Amino acid sequence: MLPKSRADQIFPGACGDYTAHLGEHQAAAFTVLWNLHDSPDPISDMDGAGWHIVQGLRSNDGIKIAPREITYVLQGRSPLVEDGYPQQYNAIDVEYAGLFVMIAEWQHEVLDDAIRSLIDSVAE
């Protein structure tokens, strides 16, 4: 089951407003997740996002921490999803919104597990 929320419903900017501040692998993973609802094969696409995260973790080359004003926007919107749980959103939505923050801040300690958890949740 896909998240009920779409990234463009959660966050105020366009995808490119965020990815312009990220490294190549971060931006690719972020974009795949952003466009998840338009994908004919979301599980495969999420695996691709996971691949980009792993590549970023392995090389750590070109990784960028998004500027504070970008992370503030992402962080500020994620609690709106949490506040809407469980009436408007479900647990997958909370995981989904949190991943955008983790990618932008490059929370490398938890990213791989977080994307795997989302993939498992959607695959159920």
# chains A, B, ... in the order shown; residues from 1 in each chain; ligands from 1
$ select_by_dssp --residues "chain A" --states "alpha helix (DSSP H)" --output "PyMOL selection string"
chain A and resi 7-10+15-19+24-34+42-59+68-83+91-105+111-123
$ atom_distance --atom1 "CA of Gly48 (chain A)" --atom2 "CA of Ala91 (chain A)"
21.9 Å
$ atom_distance --atom1 "CA of Ile10 (chain A)" --atom2 "CA of Asp61 (chain A)"
29.3 Å
$ residues_around --residues "Ser59 (chain A)" --least-positions-apart "2" --cutoff "12 Å" --atoms "only C-alpha atoms" --output "VMD selection string"
chain A and resid 23 to 26 52 to 57 61 to 63 108
$ closest_residue --among "A:Gln87, A:Glu124, A:Ser78, A:Ile65" --to "Thr19 (chain A)" --atoms "only C-alpha atoms"
A:Ile65
$ residues_around --residues "Asp47 (chain A)" --least-positions-apart "2" --cutoff "12 Å" --atoms "only C-alpha atoms" --output "MDAnalysis selection string"
chainID A and resid 28:29 32:33 36 41:45 49:54 112 115:120 122:123
$ atom_distance --atom1 "CA of Gln88 (chain A)" --atom2 "CA of Arg68 (chain A)"
28.7 Å
$ closest_atom_pairs --of "region 25-120 of chain A" --to "region 11-16 of chain A" --cutoff "7 Å" --atoms "only C-alpha atoms" --output "CSV"
residue,atom,partner,partner_atom,distance
A:Thr31,CA,A:Cys15,CA,6.7
A:Trp34,CA,A:Cys15,CA,6.8
A:Leu74,CA,A:Phe11,CA,6.7
A:Arg77,CA,A:Phe11,CA,6.2
$ closest_residue --among "A:Glu95, A:Asp113, A:Asp83, A:Asp17" --to "Pro67 (chain A)" --atoms "only C-alpha atoms"
A:Asp17
$ decode --residues "region 1-115 of chain A" --atoms "C-alpha atoms" --output "compact mmCIF listing (two decimals), in the first residue's frame"
# COMPACT_ATOMS: atom_id res chain seq x y z
CA MET A 1 0.00 0.00 0.00
CA LEU A 2 1.39 3.38 -1.02
CA PRO A 3 1.35 6.32 1.38
CA LYS A 4 -1.94 8.23 1.23
CA SER A 5 -0.07 11.51 0.98
CA ARG A 6 1.92 12.70 -1.97
CA ALA A 7 5.13 14.65 -1.41
CA ASP A 8 3.70 17.67 -3.22
CA GLN A 9 0.79 17.64 -0.75
CA ILE A 10 3.13 17.59 2.24
CA PHE A 11 5.88 19.98 1.20
CA PRO A 12 5.29 23.48 -0.20
CA GLY A 13 7.96 23.63 -2.88
CA ALA A 14 8.58 21.71 -6.07
CA CYS A 15 10.90 18.71 -5.99
CA GLY A 16 13.65 20.68 -7.73
CA ASP A 17 13.54 23.34 -5.00
CA TYR A 18 14.97 20.72 -2.65
CA THR A 19 17.11 18.55 -4.92
CA ALA A 20 19.06 21.56 -6.20
CA HIS A 21 20.79 21.57 -2.81
CA LEU A 22 21.61 17.86 -2.69
CA GLY A 23 24.32 15.61 -4.06
CA GLU A 24 23.70 13.38 -7.08
CA HIS A 25 22.66 10.20 -5.25
CA GLN A 26 20.64 12.12 -2.67
CA ALA A 27 18.79 14.03 -5.37
CA ALA A 28 18.05 10.85 -7.32
CA ALA A 29 16.63 9.07 -4.25
CA PHE A 30 14.65 12.17 -3.24
CA THR A 31 13.17 12.51 -6.75
CA VAL A 32 12.20 8.84 -6.97
CA LEU A 33 10.38 9.08 -3.65
CA TRP A 34 8.76 12.37 -4.63
CA ASN A 35 7.33 10.79 -7.81
CA LEU A 36 6.40 7.49 -6.16
CA HIS A 37 2.67 7.83 -6.75
CA ASP A 38 3.15 8.32 -10.50
CA SER A 39 5.23 5.18 -10.90
CA PRO A 40 3.88 2.07 -12.63
CA ASP A 41 6.18 0.00 -10.38
CA PRO A 42 6.68 1.80 -7.04
CA ILE A 43 8.47 -1.14 -5.36
CA SER A 44 11.10 -1.23 -8.10
CA ASP A 45 11.45 2.54 -7.94
CA MET A 46 11.89 2.43 -4.16
CA ASP A 47 14.57 -0.23 -4.64
CA GLY A 48 16.22 2.24 -7.00
CA ALA A 49 16.02 4.96 -4.37
CA GLY A 50 17.56 2.52 -1.91
CA TRP A 51 20.34 1.80 -4.39
CA HIS A 52 21.13 5.52 -4.64
CA ILE A 53 21.19 5.81 -0.86
CA VAL A 54 23.58 2.86 -0.57
CA GLN A 55 25.82 4.35 -3.28
CA GLY A 56 25.89 7.63 -1.38
CA LEU A 57 26.67 5.80 1.84
CA ARG A 58 29.48 3.82 0.23
CA SER A 59 31.20 6.63 -1.57
CA ASN A 60 30.17 9.61 0.56
CA ASP A 61 31.38 11.51 -2.50
CA GLY A 62 29.33 14.52 -3.51
CA ILE A 63 27.04 14.27 -0.49
CA LYS A 64 25.63 17.63 0.53
CA ILE A 65 23.75 18.60 3.64
CA ALA A 66 20.85 20.79 2.56
CA PRO A 67 20.96 24.38 3.80
CA ARG A 68 19.24 25.02 7.10
CA GLU A 69 16.34 26.90 5.52
CA ILE A 70 15.55 23.84 3.37
CA THR A 71 15.76 21.38 6.25
CA TYR A 72 13.57 23.68 8.36
CA VAL A 73 10.86 23.54 5.70
CA LEU A 74 11.08 19.75 5.47
CA GLN A 75 11.21 19.29 9.24
CA GLY A 76 8.34 21.70 9.76
CA ARG A 77 6.01 19.84 7.42
CA SER A 78 6.67 16.30 8.65
CA PRO A 79 4.87 16.84 12.00
CA LEU A 80 1.74 17.81 10.06
CA VAL A 81 1.64 14.24 8.79
CA GLU A 82 2.23 12.91 12.29
CA ASP A 83 -0.57 15.11 13.61
CA GLY A 84 -2.92 13.66 11.00
CA TYR A 85 -2.20 10.09 12.10
CA PRO A 86 -4.29 7.90 12.24
CA GLN A 87 -7.34 9.83 11.02
CA GLN A 88 -5.96 11.32 7.80
CA TYR A 89 -2.67 9.48 7.37
CA ASN A 90 -1.23 6.10 8.25
CA ALA A 91 2.14 4.91 9.55
CA ILE A 92 3.52 4.61 6.02
CA ASP A 93 2.88 8.34 5.51
CA VAL A 94 4.89 9.17 8.61
CA GLU A 95 7.80 7.03 7.38
CA TYR A 96 7.51 8.52 3.90
CA ALA A 97 7.58 12.15 5.06
CA GLY A 98 10.49 11.44 7.40
CA LEU A 99 12.63 10.03 4.60
CA PHE A 100 12.76 13.39 2.83
CA VAL A 101 14.21 14.97 5.96
CA MET A 102 16.69 12.12 6.42
CA ILE A 103 17.92 12.44 2.83
CA ALA A 104 18.23 16.23 2.96
CA GLU A 105 20.10 16.13 6.27
CA TRP A 106 21.98 12.99 5.19
CA GLN A 107 21.16 11.09 8.36
CA HIS A 108 23.40 8.29 7.18
CA GLU A 109 23.07 6.30 10.40
CA VAL A 110 19.40 5.50 9.75
CA LEU A 111 18.78 6.03 6.02
CA ASP A 112 19.34 2.50 4.75
CA ASP A 113 17.11 0.98 7.42
CA ALA A 114 14.46 3.65 6.87
CA ILE A 115 14.17 3.07 3.12
